[in-house]
Amino acid sequence: MDVTFFAANSDCDYSRFEELSESSILGGGFFTKEQISDLLSCFKCIGFALSDCLWLLPLNFSEALVTIDDEVLKGIAVNWSDEISWENTDINSMDLAGHLLELKYAYLQHSDKRIFALFE
C-alpha cells in the first residue's frame, strides 16, 4: 500500500492524499502497516492509529530521527530489513536507508510538528 509521511499539527485528521499540503509531505513509499510497525519497533516505539488509514508517529521517533547520526540510521535500516514483515520480499537495506534519510532531512524543516503516516 502507498504510504505518505507528512508533518502536521497533532490535531490533523486527513484521510486522503489530496488533503495534504505539498509542503508538508516528507516522503513515502510502498509499505505495509506491519513494515511501518517494524520500523517503529527498531526505534523502540509504537505508532498511534487515529483511523484505519492515518497513524500519528510517536514523538520519540521524531526526536530520534532528527538527532541520529546518518550512519546509525543506515544501521537501523539494515535491522529493519531483517524484520519478519520483509520476509519473502526483495528488499535492499540501502533502499530503506534512503527512505529514512529522505524522511529525516525533509522533517528537519518541520520539526515543530508531528510526523504522520497516511496509508492509501
# chains A, B, ... in the order shown; residues from 1 in each chain; ligands from 1
>>> residues_around(residues="region 25-34 of chain A", least_positions_apart="3", cutoff="12 Å", atoms="only C-alpha atoms", output="ChimeraX atom specification")
/A:1-8,17-22,37-41,46-49,52-55,80-81,83-87,89,91,95-96,98-111,113-120
>>> atom_distance(atom1="CA of Ser93 (chain A)", atom2="CA of Arg16 (chain A)")
28.8 Å
>>> select_by_dssp(residues="chain A", states="alpha helix (DSSP H)", output="number ranges by chain")
A: 33-42, 59-67, 70-81, 93-107
>>> closest_residue(among="A:Ile76, A:Ile36, A:Cys45, A:Leu50", to="Cys12 (chain A)", atoms="only C-alpha atoms")
A:Leu50
>>> decode(residues="region 40-77 of chain A", atoms="N, CA and C atoms", output="compact mmCIF listing (two decimals), in the first residue's frame")
# COMPACT_ATOMS: atom_id res chain seq x y z
N LEU A 40 9.05 1.26 13.50
CA LEU A 40 8.90 1.91 14.81
C LEU A 40 9.50 1.06 15.92
N SER A 41 9.35 -0.26 15.81
CA SER A 41 9.94 -1.13 16.85
C SER A 41 11.46 -1.06 16.83
N CYS A 42 12.05 -0.79 15.67
CA CYS A 42 13.51 -0.60 15.60
C CYS A 42 13.92 0.64 16.38
N PHE A 43 13.00 1.58 16.56
CA PHE A 43 13.24 2.79 17.36
C PHE A 43 12.68 2.61 18.77
N LYS A 44 12.20 1.41 19.08
CA LYS A 44 11.64 1.07 20.39
C LYS A 44 10.43 1.93 20.74
N CYS A 45 9.53 2.08 19.76
CA CYS A 45 8.30 2.83 19.99
C CYS A 45 7.19 2.26 19.12
N ILE A 46 5.97 2.73 19.34
CA ILE A 46 4.83 2.29 18.56
C ILE A 46 4.04 3.51 18.11
N GLY A 47 3.34 3.37 16.99
CA GLY A 47 2.51 4.45 16.47
C GLY A 47 1.13 4.40 17.08
N PHE A 48 0.38 5.46 16.86
CA PHE A 48 -0.98 5.56 17.36
C PHE A 48 -1.90 5.71 16.16
N ALA A 49 -2.79 4.74 15.96
CA ALA A 49 -3.72 4.77 14.83
C ALA A 49 -4.86 5.73 15.15
N LEU A 50 -4.93 6.82 14.39
CA LEU A 50 -6.03 7.76 14.54
C LEU A 50 -7.25 7.29 13.76
N SER A 51 -7.00 6.52 12.72
CA SER A 51 -8.04 5.89 11.92
C SER A 51 -7.39 4.71 11.21
N ASP A 52 -8.14 4.02 10.39
CA ASP A 52 -7.58 2.89 9.66
C ASP A 52 -6.47 3.31 8.71
N CYS A 53 -6.53 4.56 8.22
CA CYS A 53 -5.55 4.99 7.23
C CYS A 53 -4.59 6.06 7.73
N LEU A 54 -4.75 6.55 8.96
CA LEU A 54 -3.89 7.62 9.47
C LEU A 54 -3.26 7.25 10.80
N TRP A 55 -1.93 7.26 10.83
CA TRP A 55 -1.20 6.99 12.06
C TRP A 55 -0.41 8.22 12.47
N LEU A 56 -0.40 8.50 13.75
CA LEU A 56 0.45 9.51 14.35
C LEU A 56 1.69 8.79 14.88
N LEU A 57 2.84 9.16 14.36
CA LEU A 57 4.06 8.51 14.82
C LEU A 57 4.51 9.15 16.13
N PRO A 58 5.09 8.37 17.03
CA PRO A 58 5.42 8.87 18.36
C PRO A 58 6.47 9.98 18.33
N LEU A 59 6.36 10.85 19.31
CA LEU A 59 7.28 11.97 19.43
C LEU A 59 8.72 11.50 19.58
N ASN A 60 8.94 10.40 20.31
CA ASN A 60 10.32 9.93 20.48
C ASN A 60 10.91 9.42 19.17
N PHE A 61 10.07 8.94 18.23
CA PHE A 61 10.56 8.57 16.91
C PHE A 61 11.03 9.82 16.17
N SER A 62 10.22 10.87 16.18
CA SER A 62 10.57 12.12 15.50
C SER A 62 11.85 12.72 16.07
N GLU A 63 11.94 12.74 17.40
CA GLU A 63 13.12 13.30 18.05
C GLU A 63 14.37 12.50 17.73
N ALA A 64 14.25 11.18 17.75
CA ALA A 64 15.41 10.34 17.42
C ALA A 64 15.81 10.50 15.97
N LEU A 65 14.84 10.58 15.10
CA LEU A 65 15.11 10.69 13.68
C LEU A 65 15.97 11.91 13.35
N VAL A 66 15.67 13.05 13.95
CA VAL A 66 16.41 14.27 13.61
C VAL A 66 17.76 14.38 14.31
N THR A 67 17.97 13.61 15.36
CA THR A 67 19.23 13.73 16.08
C THR A 67 20.20 12.59 15.80
N ILE A 68 19.71 11.53 15.21
CA ILE A 68 20.53 10.34 15.00
C ILE A 68 21.54 10.57 13.86
N ASP A 69 22.71 10.04 14.04
CA ASP A 69 23.76 10.10 13.02
C ASP A 69 23.34 9.30 11.80
N ASP A 70 23.69 9.79 10.61
CA ASP A 70 23.29 9.12 9.38
C ASP A 70 23.78 7.68 9.30
N GLU A 71 24.97 7.40 9.77
CA GLU A 71 25.48 6.03 9.73
C GLU A 71 24.70 5.11 10.66
N VAL A 72 24.29 5.63 11.80
CA VAL A 72 23.47 4.85 12.73
C VAL A 72 22.10 4.61 12.09
N LEU A 73 21.58 5.62 11.40
CA LEU A 73 20.30 5.47 10.71
C LEU A 73 20.38 4.39 9.63
N LYS A 74 21.49 4.32 8.94
CA LYS A 74 21.69 3.26 7.94
C LYS A 74 21.70 1.89 8.61
N GLY A 75 22.29 1.81 9.80
CA GLY A 75 22.28 0.55 10.56
C GLY A 75 20.87 0.16 10.98
N ILE A 76 20.06 1.14 11.33
CA ILE A 76 18.67 0.85 11.68
C ILE A 76 17.94 0.31 10.46
N ALA A 77 18.26 0.85 9.27
CA ALA A 77 17.64 0.36 8.04
C ALA A 77 17.99 -1.10 7.80
